[in-house]
file upload-v8.cif (mmCIF, C-alpha atoms and all ligand atoms; chains and numbers go by the auth columns)
data_data
#
loop_
_atom_site.group_PDB
_atom_site.id
_atom_site.type_symbol
_atom_site.label_atom_id
_atom_site.label_comp_id
_atom_site.label_asym_id
_atom_site.label_seq_id
_atom_site.Cartn_x
_atom_site.Cartn_y
_atom_site.Cartn_z
_atom_site.B_iso_or_equiv
_atom_site.auth_seq_id
_atom_site.auth_asym_id
ATOM 1 C CA MET A 1 4.510 -12.148 30.811 0.00 1025 A
ATOM 2 C CA THR A 2 3.997 -14.214 27.705 0.00 1026 A
ATOM 3 C CA THR A 3 2.772 -17.310 29.467 0.00 1027 A
ATOM 4 C CA VAL A 4 1.924 -20.718 28.062 0.00 1028 A
ATOM 5 C CA GLU A 5 -1.779 -19.850 28.499 0.00 1029 A
ATOM 6 C CA LEU A 6 -1.349 -16.727 26.432 0.00 1030 A
ATOM 7 C CA LEU A 7 0.477 -18.670 23.728 0.00 1031 A
ATOM 8 C CA LYS A 8 -2.421 -21.148 23.622 0.00 1032 A
ATOM 9 C CA GLU A 9 -4.799 -18.218 23.211 0.00 1033 A
ATOM 10 C CA CYS A 10 -2.679 -16.922 20.308 0.00 1034 A
ATOM 11 C CA ARG A 11 -2.709 -20.297 18.574 0.00 1035 A
ATOM 12 C CA LEU A 12 -6.484 -20.461 18.954 0.00 1036 A
ATOM 13 C CA GLU A 13 -6.946 -16.948 17.591 0.00 1037 A
ATOM 14 C CA PHE A 14 -4.625 -17.772 14.702 0.00 1038 A
ATOM 15 C CA GLU A 15 -6.934 -20.645 13.711 0.00 1039 A
ATOM 16 C CA GLU A 16 -10.088 -18.604 14.242 0.00 1040 A
ATOM 17 C CA TYR A 17 -8.839 -15.647 12.224 0.00 1041 A
ATOM 18 C CA PHE A 18 -7.757 -17.815 9.299 0.00 1042 A
ATOM 19 C CA GLN A 19 -11.044 -19.748 9.412 0.00 1043 A
ATOM 20 C CA SER A 20 -12.933 -16.454 9.170 0.00 1044 A
ATOM 21 C CA LEU A 21 -11.285 -15.731 5.803 0.00 1045 A
ATOM 22 C CA VAL A 22 -13.726 -17.084 3.264 0.00 1046 A
ATOM 23 C CA THR A 23 -13.666 -16.254 -0.421 0.00 1047 A
ATOM 24 C CA GLY A 24 -15.802 -17.362 -3.373 0.00 1048 A
ATOM 25 C CA SER A 25 -12.721 -18.117 -5.472 0.00 1049 A
ATOM 26 C CA PRO A 26 -11.229 -21.608 -4.982 0.00 1050 A
ATOM 27 C CA ASP A 27 -7.805 -20.299 -6.150 0.00 1051 A
ATOM 28 C CA ASN A 28 -7.835 -17.539 -3.576 0.00 1052 A
ATOM 29 C CA GLN A 29 -9.101 -19.893 -0.880 0.00 1053 A
ATOM 30 C CA GLN A 30 -6.130 -22.149 -1.670 0.00 1054 A
ATOM 31 C CA ARG A 31 -3.783 -19.150 -1.375 0.00 1055 A
ATOM 32 C CA VAL A 32 -5.215 -18.319 2.049 0.00 1056 A
ATOM 33 C CA GLU A 33 -4.656 -21.933 3.095 0.00 1057 A
ATOM 34 C CA ASP A 34 -1.098 -21.755 1.711 0.00 1058 A
ATOM 35 C CA ILE A 35 -0.421 -18.667 3.834 0.00 1059 A
ATOM 36 C CA ARG A 36 -1.817 -20.398 6.914 0.00 1060 A
ATOM 37 C CA ALA A 37 0.388 -23.450 6.282 0.00 1061 A
ATOM 38 C CA HIS A 38 3.408 -21.201 5.529 0.00 1062 A
ATOM 39 C CA SER A 39 2.847 -19.291 8.794 0.00 1063 A
ATOM 40 C CA LEU A 40 2.853 -22.563 10.764 0.00 1064 A
ATOM 41 C CA ARG A 41 6.078 -23.684 9.054 0.00 1065 A
ATOM 42 C CA VAL A 42 7.683 -20.290 9.735 0.00 1066 A
ATOM 43 C CA ALA A 43 6.666 -20.742 13.382 0.00 1067 A
ATOM 44 C CA GLY A 44 8.450 -24.127 13.314 0.00 1068 A
ATOM 45 C CA ASN A 45 11.544 -22.576 11.722 0.00 1069 A
ATOM 46 C CA SER A 46 11.480 -19.757 14.279 0.00 1070 A
ATOM 47 C CA LEU A 47 11.499 -22.259 17.140 0.00 1071 A
ATOM 48 C CA LEU A 48 14.370 -24.114 15.500 0.00 1072 A
ATOM 49 C CA LEU A 49 16.421 -20.907 15.261 0.00 1073 A
ATOM 50 C CA ALA A 50 15.241 -19.853 18.720 0.00 1074 A
ATOM 51 C CA GLN A 51 16.879 -22.923 20.279 0.00 1075 A
ATOM 52 C CA ASN A 52 20.192 -21.375 19.298 0.00 1076 A
ATOM 53 C CA LEU A 53 19.406 -17.702 19.611 0.00 1077 A
ATOM 54 C CA LEU A 54 16.929 -17.170 22.436 0.00 1078 A
ATOM 55 C CA GLN A 55 17.404 -18.010 26.083 0.00 1079 A
ATOM 56 C CA THR A 56 14.034 -18.073 27.786 0.00 1080 A
ATOM 57 C CA GLU A 57 10.771 -19.890 27.126 0.00 1081 A
ATOM 58 C CA GLU A 58 9.024 -16.537 27.098 0.00 1082 A
ATOM 59 C CA ASP A 59 11.236 -15.341 24.247 0.00 1083 A
ATOM 60 C CA LYS A 60 10.460 -18.506 22.305 0.00 1084 A
ATOM 61 C CA HIS A 61 6.732 -17.853 22.756 0.00 1085 A
ATOM 62 C CA ILE A 62 7.200 -14.342 21.368 0.00 1086 A
ATOM 63 C CA ALA A 63 9.064 -15.674 18.315 0.00 1087 A
ATOM 64 C CA GLU A 64 6.203 -18.112 17.666 0.00 1088 A
ATOM 65 C CA ILE A 65 3.510 -15.426 17.972 0.00 1089 A
ATOM 66 C CA ILE A 66 5.393 -13.176 15.522 0.00 1090 A
ATOM 67 C CA ALA A 67 5.673 -15.992 12.978 0.00 1091 A
ATOM 68 C CA LEU A 68 2.004 -17.020 13.271 0.00 1092 A
ATOM 69 C CA PHE A 69 0.675 -13.584 12.404 0.00 1093 A
ATOM 70 C CA HIS A 70 3.386 -12.076 10.171 0.00 1094 A
ATOM 71 C CA ASP A 71 1.539 -12.784 6.901 0.00 1095 A
ATOM 72 C CA TYR A 72 -2.036 -12.546 8.140 0.00 1096 A
ATOM 73 C CA GLY A 73 -2.436 -9.197 6.341 0.00 1097 A
ATOM 74 C CA LYS A 74 -1.446 -10.914 3.086 0.00 1098 A
ATOM 75 C CA ALA A 75 -4.295 -13.431 3.467 0.00 1099 A
ATOM 76 C CA VAL A 76 -6.741 -10.597 4.207 0.00 1100 A
ATOM 77 C CA MET A 77 -5.609 -8.688 1.093 0.00 1101 A
ATOM 78 C CA ILE A 78 -6.085 -11.807 -1.028 0.00 1102 A
ATOM 79 C CA VAL A 79 -9.639 -12.223 0.252 0.00 1103 A
ATOM 80 C CA GLN A 80 -10.364 -8.553 -0.486 0.00 1104 A
ATOM 81 C CA GLY A 81 -9.094 -9.292 -3.992 0.00 1105 A
ATOM 82 C CA THR A 82 -8.407 -5.722 -5.079 0.00 1106 A
ATOM 83 C CA GLU A 83 -4.613 -5.445 -4.915 0.00 1107 A
ATOM 84 C CA SER A 84 -1.909 -6.549 -7.351 0.00 1108 A
ATOM 85 C CA PRO A 85 0.703 -9.102 -6.159 0.00 1109 A
ATOM 86 C CA ILE A 86 3.369 -6.365 -5.977 0.00 1110 A
ATOM 87 C CA ASN A 87 1.112 -4.162 -3.802 0.00 1111 A
ATOM 88 C CA ILE A 88 0.309 -7.124 -1.584 0.00 1112 A
ATOM 89 C CA GLN A 89 4.028 -7.821 -1.281 0.00 1113 A
ATOM 90 C CA HIS A 90 4.745 -4.215 -0.280 0.00 1114 A
ATOM 91 C CA ASN A 91 1.764 -3.525 1.979 0.00 1115 A
ATOM 92 C CA HIS A 92 0.866 -6.760 3.729 0.00 1116 A
ATOM 93 C CA ALA A 93 3.321 -6.422 6.618 0.00 1117 A
ATOM 94 C CA ALA A 94 1.903 -3.061 7.739 0.00 1118 A
ATOM 95 C CA LEU A 95 -1.614 -4.528 7.530 0.00 1119 A
ATOM 96 C CA SER A 96 -0.612 -7.612 9.582 0.00 1120 A
ATOM 97 C CA ALA A 97 0.808 -5.269 12.238 0.00 1121 A
ATOM 98 C CA LYS A 98 -2.382 -3.186 12.231 0.00 1122 A
ATOM 99 C CA LEU A 99 -4.698 -6.209 12.502 0.00 1123 A
ATOM 100 C CA ILE A 100 -2.763 -7.947 15.266 0.00 1124 A
ATOM 101 C CA GLN A 101 -3.409 -4.926 17.478 0.00 1125 A
ATOM 102 C CA GLN A 102 -7.139 -5.641 17.272 0.00 1126 A
ATOM 103 C CA MET A 103 -6.812 -9.254 18.405 0.00 1127 A
ATOM 104 C CA GLY A 104 -7.939 -10.424 21.832 0.00 1128 A
ATOM 105 C CA PHE A 105 -4.540 -11.534 23.135 0.00 1129 A
ATOM 106 C CA TYR A 106 -2.699 -8.365 22.126 0.00 1130 A
ATOM 107 C CA PRO A 107 -3.585 -6.061 25.073 0.00 1131 A
ATOM 108 C CA LYS A 108 -2.452 -8.811 27.472 0.00 1132 A
ATOM 109 C CA LEU A 109 1.138 -8.461 26.303 0.00 1133 A
ATOM 110 C CA SER A 110 3.560 -6.013 27.908 0.00 1134 A
ATOM 111 C CA ALA A 111 4.316 -2.791 26.013 0.00 1135 A
ATOM 112 C CA ASP A 112 7.881 -3.961 25.239 0.00 1136 A
ATOM 113 C CA VAL A 113 6.660 -7.257 23.793 0.00 1137 A
ATOM 114 C CA GLN A 114 3.948 -5.504 21.767 0.00 1138 A
ATOM 115 C CA LEU A 115 6.625 -3.312 20.173 0.00 1139 A
ATOM 116 C CA ILE A 116 8.903 -6.283 19.455 0.00 1140 A
ATOM 117 C CA ILE A 117 6.014 -8.024 17.674 0.00 1141 A
ATOM 118 C CA LEU A 118 4.952 -4.958 15.677 0.00 1142 A
ATOM 119 C CA LYS A 119 8.475 -3.984 14.573 0.00 1143 A
ATOM 120 C CA SER A 120 9.369 -7.545 13.602 0.00 1144 A
ATOM 121 C CA ILE A 121 6.218 -7.943 11.510 0.00 1145 A
ATOM 122 C CA GLU A 122 6.439 -4.476 9.939 0.00 1146 A
ATOM 123 C CA GLY A 123 10.050 -5.063 8.907 0.00 1147 A
ATOM 124 C CA HIS A 124 9.821 -8.594 7.570 0.00 1148 A
ATOM 125 C CA ASN A 125 9.058 -7.790 3.920 0.00 1149 A
ATOM 126 C CA LYS A 126 11.442 -4.836 3.528 0.00 1150 A
ATOM 127 C CA LEU A 127 14.446 -5.209 1.233 0.00 1151 A
ATOM 128 C CA LYS A 128 16.651 -4.213 4.179 0.00 1152 A
ATOM 129 C CA LEU A 129 15.613 -4.287 7.813 0.00 1153 A
ATOM 130 C CA PRO A 130 15.404 -0.660 9.030 0.00 1154 A
ATOM 131 C CA LYS A 131 17.254 0.381 12.173 0.00 1155 A
ATOM 132 C CA LEU A 132 15.110 -0.538 15.159 0.00 1156 A
ATOM 133 C CA ASP A 133 14.945 0.896 18.692 0.00 1157 A
ATOM 134 C CA ASN A 134 16.956 -1.747 20.531 0.00 1158 A
ATOM 135 C CA GLU A 135 18.834 -5.054 20.353 0.00 1159 A
ATOM 136 C CA GLN A 136 15.832 -7.148 21.358 0.00 1160 A
ATOM 137 C CA GLN A 137 13.659 -5.798 18.556 0.00 1161 A
ATOM 138 C CA THR A 138 16.477 -6.331 16.054 0.00 1162 A
ATOM 139 C CA LEU A 139 17.064 -9.912 17.200 0.00 1163 A
ATOM 140 C CA PHE A 140 13.405 -10.940 16.835 0.00 1164 A
ATOM 141 C CA ALA A 141 13.023 -9.081 13.537 0.00 1165 A
ATOM 142 C CA ARG A 142 16.096 -10.854 12.133 0.00 1166 A
ATOM 143 C CA LEU A 143 14.890 -14.205 13.394 0.00 1167 A
ATOM 144 C CA LEU A 144 11.564 -13.801 11.571 0.00 1168 A
ATOM 145 C CA ARG A 145 13.305 -12.737 8.367 0.00 1169 A
ATOM 146 C CA ASP A 146 15.527 -15.836 8.429 0.00 1170 A
ATOM 147 C CA ALA A 147 12.721 -18.234 9.395 0.00 1171 A
ATOM 148 C CA ASP A 148 10.505 -16.785 6.650 0.00 1172 A
ATOM 149 C CA LYS A 149 13.234 -17.051 4.003 0.00 1173 A
ATOM 150 C CA LEU A 150 13.966 -20.688 4.895 0.00 1174 A
ATOM 151 C CA ASP A 151 10.366 -21.564 4.114 0.00 1175 A
ATOM 152 C CA ILE A 152 10.362 -19.457 0.930 0.00 1176 A
ATOM 153 C CA PHE A 153 13.457 -21.395 -0.232 0.00 1177 A
ATOM 154 C CA GLU A 154 11.782 -24.709 0.566 0.00 1178 A
ATOM 155 C CA THR A 155 8.414 -23.996 -1.076 0.00 1179 A
ATOM 156 C CA SER A 156 9.722 -22.212 -4.178 0.00 1180 A
ATOM 157 C CA TYR A 157 12.294 -24.817 -5.026 0.00 1181 A
ATOM 158 C CA ARG A 158 9.665 -27.543 -4.619 0.00 1182 A
ATOM 159 C CA PHE A 159 7.345 -25.564 -6.872 0.00 1183 A
ATOM 160 C CA PHE A 160 10.020 -25.273 -9.577 0.00 1184 A
ATOM 161 C CA LYS A 161 11.413 -28.744 -9.283 0.00 1185 A
ATOM 162 C CA GLU A 162 8.446 -30.899 -8.397 0.00 1186 A
ATOM 163 C CA LYS A 163 5.632 -28.603 -9.547 0.00 1187 A
ATOM 164 C CA TYR A 164 4.337 -28.944 -6.003 0.00 1188 A
ATOM 165 C CA GLY A 165 1.839 -26.420 -4.625 0.00 1189 A
ATOM 166 C CA THR A 166 0.510 -23.166 -6.043 0.00 1190 A
ATOM 167 C CA GLN A 167 2.590 -20.596 -7.886 0.00 1191 A
ATOM 168 C CA PRO A 168 4.301 -18.243 -5.397 0.00 1192 A
ATOM 169 C CA LEU A 169 2.338 -14.993 -5.112 0.00 1193 A
ATOM 170 C CA MET A 170 5.450 -12.915 -5.807 0.00 1194 A
ATOM 171 C CA ALA A 171 5.813 -14.700 -9.154 0.00 1195 A
ATOM 172 C CA MET A 172 2.179 -14.337 -10.261 0.00 1196 A
ATOM 173 C CA ASP A 173 2.677 -11.465 -12.714 0.00 1197 A
ATOM 174 C CA LEU A 174 5.954 -12.728 -14.154 0.00 1198 A
ATOM 175 C CA ILE A 175 6.341 -13.989 -17.680 0.00 1199 A
ATOM 176 C CA ASN A 176 7.696 -17.466 -18.268 0.00 1200 A
ATOM 177 C CA HIS A 177 10.568 -16.280 -20.398 0.00 1201 A
ATOM 178 C CA VAL A 178 14.225 -17.306 -20.344 0.00 1202 A
ATOM 179 C CA GLU A 179 15.522 -13.716 -20.136 0.00 1203 A
ATOM 180 C CA ILE A 180 16.991 -12.245 -16.988 0.00 1204 A
ATOM 181 C CA SER A 181 16.710 -8.531 -16.195 0.00 1205 A
ATOM 182 C CA ASP A 182 19.820 -6.317 -15.939 0.00 1206 A
ATOM 183 C CA LYS A 183 18.934 -4.845 -12.550 0.00 1207 A
ATOM 184 C CA ILE A 184 18.394 -8.278 -11.035 0.00 1208 A
ATOM 185 C CA ILE A 185 21.651 -9.826 -12.228 0.00 1209 A
ATOM 186 C CA LYS A 186 23.571 -6.631 -11.307 0.00 1210 A
ATOM 187 C CA SER A 187 22.276 -6.795 -7.710 0.00 1211 A
ATOM 188 C CA VAL A 188 23.209 -10.457 -7.406 0.00 1212 A
ATOM 189 C CA LEU A 189 26.702 -9.951 -8.833 0.00 1213 A
ATOM 190 C CA ALA A 190 27.179 -7.025 -6.417 0.00 1214 A
ATOM 191 C CA GLY A 191 26.292 -9.285 -3.471 0.00 1215 A
ATOM 192 C CA LYS A 192 22.965 -7.618 -2.781 0.00 1216 A
ATOM 193 C CA THR A 193 19.429 -8.947 -2.432 0.00 1217 A
ATOM 194 C CA ALA A 194 17.524 -8.149 -5.637 0.00 1218 A
ATOM 195 C CA ALA A 195 14.373 -5.999 -5.428 0.00 1219 A
ATOM 196 C CA VAL A 196 10.947 -7.541 -6.041 0.00 1220 A
ATOM 197 C CA GLU A 197 9.858 -4.615 -8.252 0.00 1221 A
ATOM 198 C CA ASP A 198 12.760 -5.257 -10.671 0.00 1222 A
ATOM 199 C CA MET A 199 11.525 -8.746 -11.584 0.00 1223 A
ATOM 200 C CA LYS A 200 10.036 -9.371 -15.013 0.00 1224 A
ATOM 201 C CA THR A 201 10.579 -13.073 -15.699 0.00 1225 A
ATOM 202 C CA MET A 202 10.444 -16.334 -13.765 0.00 1226 A
ATOM 203 C CA ASN A 203 14.216 -16.553 -14.058 0.00 1227 A
ATOM 204 C CA ASP A 204 14.455 -13.150 -12.344 0.00 1228 A
ATOM 205 C CA TYR A 205 12.432 -14.698 -9.540 0.00 1229 A
ATOM 206 C CA ARG A 206 14.810 -17.652 -9.283 0.00 1230 A
ATOM 207 C CA LEU A 207 17.771 -15.272 -9.118 0.00 1231 A
ATOM 208 C CA LEU A 208 15.996 -13.139 -6.538 0.00 1232 A
ATOM 209 C CA LEU A 209 15.517 -16.249 -4.415 0.00 1233 A
ATOM 210 C CA LEU A 210 19.224 -17.043 -4.633 0.00 1234 A
ATOM 211 C CA SER A 211 20.082 -13.431 -3.711 0.00 1235 A
ATOM 212 C CA MET A 212 18.049 -13.701 -0.501 0.00 1236 A
ATOM 213 C CA ALA A 213 21.030 -15.617 0.903 0.00 1237 A
ATOM 214 C CA PHE A 214 22.876 -12.265 1.117 0.00 1238 A
ATOM 215 C CA ASP A 215 20.331 -11.092 3.646 0.00 1239 A
ATOM 216 C CA LEU A 216 20.425 -13.998 6.098 0.00 1240 A
ATOM 217 C CA ASN A 217 21.519 -13.094 9.597 0.00 1241 A
ATOM 218 C CA PHE A 218 22.572 -16.122 11.607 0.00 1242 A
ATOM 219 C CA LYS A 219 25.231 -18.769 11.256 0.00 1243 A
ATOM 220 C CA TYR A 220 22.654 -21.410 12.143 0.00 1244 A
ATOM 221 C CA THR A 221 20.440 -20.277 9.235 0.00 1245 A
ATOM 222 C CA PHE A 222 23.393 -20.625 6.871 0.00 1246 A
ATOM 223 C CA ARG A 223 23.964 -24.093 8.232 0.00 1247 A
ATOM 224 C CA ILE A 224 20.376 -25.125 7.451 0.00 1248 A
ATOM 225 C CA LEU A 225 20.630 -23.474 4.016 0.00 1249 A
ATOM 226 C CA SER A 226 23.766 -25.482 3.365 0.00 1250 A
ATOM 227 C CA GLU A 227 22.389 -28.769 4.668 0.00 1251 A
ATOM 228 C CA LYS A 228 19.198 -28.464 2.660 0.00 1252 A
ATOM 229 C CA GLN A 229 21.184 -27.415 -0.428 0.00 1253 A
ATOM 230 C CA TYR A 230 18.613 -24.783 -1.333 0.00 1254 A
ATOM 231 C CA ILE A 231 21.044 -22.670 -3.348 0.00 1255 A
ATOM 232 C CA GLN A 232 22.167 -25.603 -5.504 0.00 1256 A
ATOM 233 C CA LYS A 233 18.595 -26.819 -5.942 0.00 1257 A
ATOM 234 C CA ILE A 234 17.273 -23.456 -7.119 0.00 1258 A
ATOM 235 C CA TYR A 235 20.341 -22.926 -9.332 0.00 1259 A
ATOM 236 C CA GLU A 236 19.611 -26.269 -11.047 0.00 1260 A
ATOM 237 C CA THR A 237 16.321 -24.814 -12.291 0.00 1261 A
ATOM 238 C CA LEU A 238 18.106 -21.891 -14.038 0.00 1262 A
ATOM 239 C CA PRO A 239 19.628 -21.913 -17.540 0.00 1263 A
ATOM 240 C CA LYS A 240 23.412 -22.308 -17.423 0.00 1264 A
ATOM 241 C CA ARG A 241 24.640 -19.017 -18.864 0.00 1265 A
ATOM 242 C CA ASP A 242 27.901 -17.260 -18.012 0.00 1266 A
ATOM 243 C CA LEU A 243 26.342 -14.479 -15.942 0.00 1267 A
ATOM 244 C CA ILE A 244 24.154 -16.923 -14.053 0.00 1268 A
ATOM 245 C CA ILE A 245 27.090 -19.256 -13.389 0.00 1269 A
ATOM 246 C CA ASP A 246 29.086 -16.254 -12.069 0.00 1270 A
ATOM 247 C CA ALA A 247 26.177 -15.222 -9.876 0.00 1271 A
ATOM 248 C CA TYR A 248 25.821 -18.746 -8.487 0.00 1272 A
ATOM 249 C CA ARG A 249 29.547 -19.012 -7.723 0.00 1273 A
ATOM 250 C CA GLY A 250 29.454 -15.682 -5.869 0.00 1274 A
ATOM 251 C CA ILE A 251 26.501 -16.740 -3.721 0.00 1275 A
ATOM 252 C CA LYS A 252 27.925 -20.195 -3.067 0.00 1276 A
ATOM 253 C CA LEU A 253 31.220 -18.706 -1.904 0.00 1277 A
ATOM 254 C CA PHE A 254 29.389 -16.194 0.287 0.00 1278 A
ATOM 255 C CA VAL A 255 27.359 -18.973 1.931 0.00 1279 A
ATOM 256 C CA GLU A 256 30.378 -21.249 2.412 0.00 1280 A
ATOM 257 C CA ASN A 257 32.333 -18.435 4.121 0.00 1281 A
ATOM 258 C CA LYS A 258 29.448 -17.684 6.454 0.00 1282 A
ATOM 259 C CA PHE A 259 29.093 -21.309 7.306 0.00 1283 A
ATOM 260 C CA VAL A 260 32.717 -21.991 8.229 0.00 1284 A
ATOM 261 C CA SER A 261 33.629 -18.637 9.840 0.00 1285 A
HETATM 262 FE FE FE B . 6.097 -15.093 5.287 0.00 1301 B
#
call {"tool": "encode", "arguments": {"input": "upload-v8.cif", "output": "structure tokens", "more": "lines below"}}
Ligand SMILES: [Fe+2]
result
Amino acid sequence: MTTVELLKECRLEFEEYFQSLVTGSPDNQQRVEDIRAHSLRVAGNSLLLAQNLLQTEEDKHIAEIIALFHDYGKAVMIVQGTESPINIQHNHAALSAKLIQQMGFYPKLSADVQLIILKSIEGHNKLKLPKLDNEQQTLFARLLRDADKLDIFETSYRFFKEKYGTQPLMAMDLINHVEISDKIIKSVLAGKTAAVEDMKTMNDYRLLLLSMAFDLNFKYTFRILSEKQYIQKIYETLPKRDLIIDAYRGIKLFVENKFVS
């Protein structure tokens, strides 16, 4: 059983583990703090989605635990300071899943719940969610992906628009150039989420963010996306060129159809 007591233990361990991450670099320390704050917001988003998607209190606890620790490996990799942003992006989920297994609360969970947590965390940064063992695992993994993306939309658009917060890690190595890369725009026009490794410029990153809408899973997520106007807001930070306008129209139509259907 994932009881309230166990959830409290998880929240405590979350704080303790993040507090243990100390680095000599103020920039990196800020990034660790950003990941901690992001994880808490993803936990909030997960509970919001869970109200619609999950039935029991126990399931809601599981969704919260997954969200709290999904990016812990990313914070650890930043403190270690040896990996490039693209490697961190690709490898942090597996590390989070490995580290969570060493935490005090983990052995107290049932085997089924342990697997749900591991599979959800391992799959959250993949371009497409791999096929999982059962419906439960798939549901929680999808919920994390949507909750995570909602916060990525929120923080990146605020960074672009209001210059609020630190530069997103995924965009660290990108050049601030107006060009957009062929592979990125082709993916978006084909209705697919663009791949992180194809990005070269900040505008590629903005387009990649827009294309994440193609990978959302739940009607309720589309509703939040629509209400918050994330797609419009990110689009406003892009240059108005024909291909970009086409891409935006395609995504907007896709979102509107999901929202009304
Ligand atoms: Fe995340």
call {"tool": "residues_near_ligand", "arguments": {"input": "upload-v8.cif", "ligand": "ligand FE 1301 (chain B)", "cutoff": "7 Å", "atoms": "only C-alpha atoms and all ligand atoms", "output": "PyMOL selection string"}}
result
chain A and resi 1062-1063+1094-1095+1172
call {"tool": "residues_near_point", "arguments": {"input": "upload-v8.cif", "point": "(5.3, -16.0, 13.7)", "cutoff": "7 Å", "atoms": "all atoms listed in the file", "output": "number ranges by chain"}}
result
A: 1063, 1066-1067, 1087-1094, 1168
call {"tool": "residues_around", "arguments": {"input": "upload-v8.cif", "residues": "Gln1160 in chain A", "least_positions_apart": "4", "cutoff": "10 Å", "atoms": "only C-alpha atoms", "output": "VMD selection string"}}
result
chain A and resid 1083 1136 to 1137 1140 1156 1164 to 1166
call {"tool": "residues_around", "arguments": {"input": "upload-v8.cif", "residues": "Pro1263 in chain A", "least_positions_apart": "2", "cutoff": "12 Å", "atoms": "all atoms listed in the file", "output": "ChimeraX atom specification"}}
result
/A:1201-1204,1226-1228,1230-1231,1258-1261,1265-1269,1272
call {"tool": "atom_distance", "arguments": {"input": "upload-v8.cif", "atom1": "CA of Asp1175 in chain A", "atom2": "CA of Tyr1254 in chain A"}}
result
10.4 Å
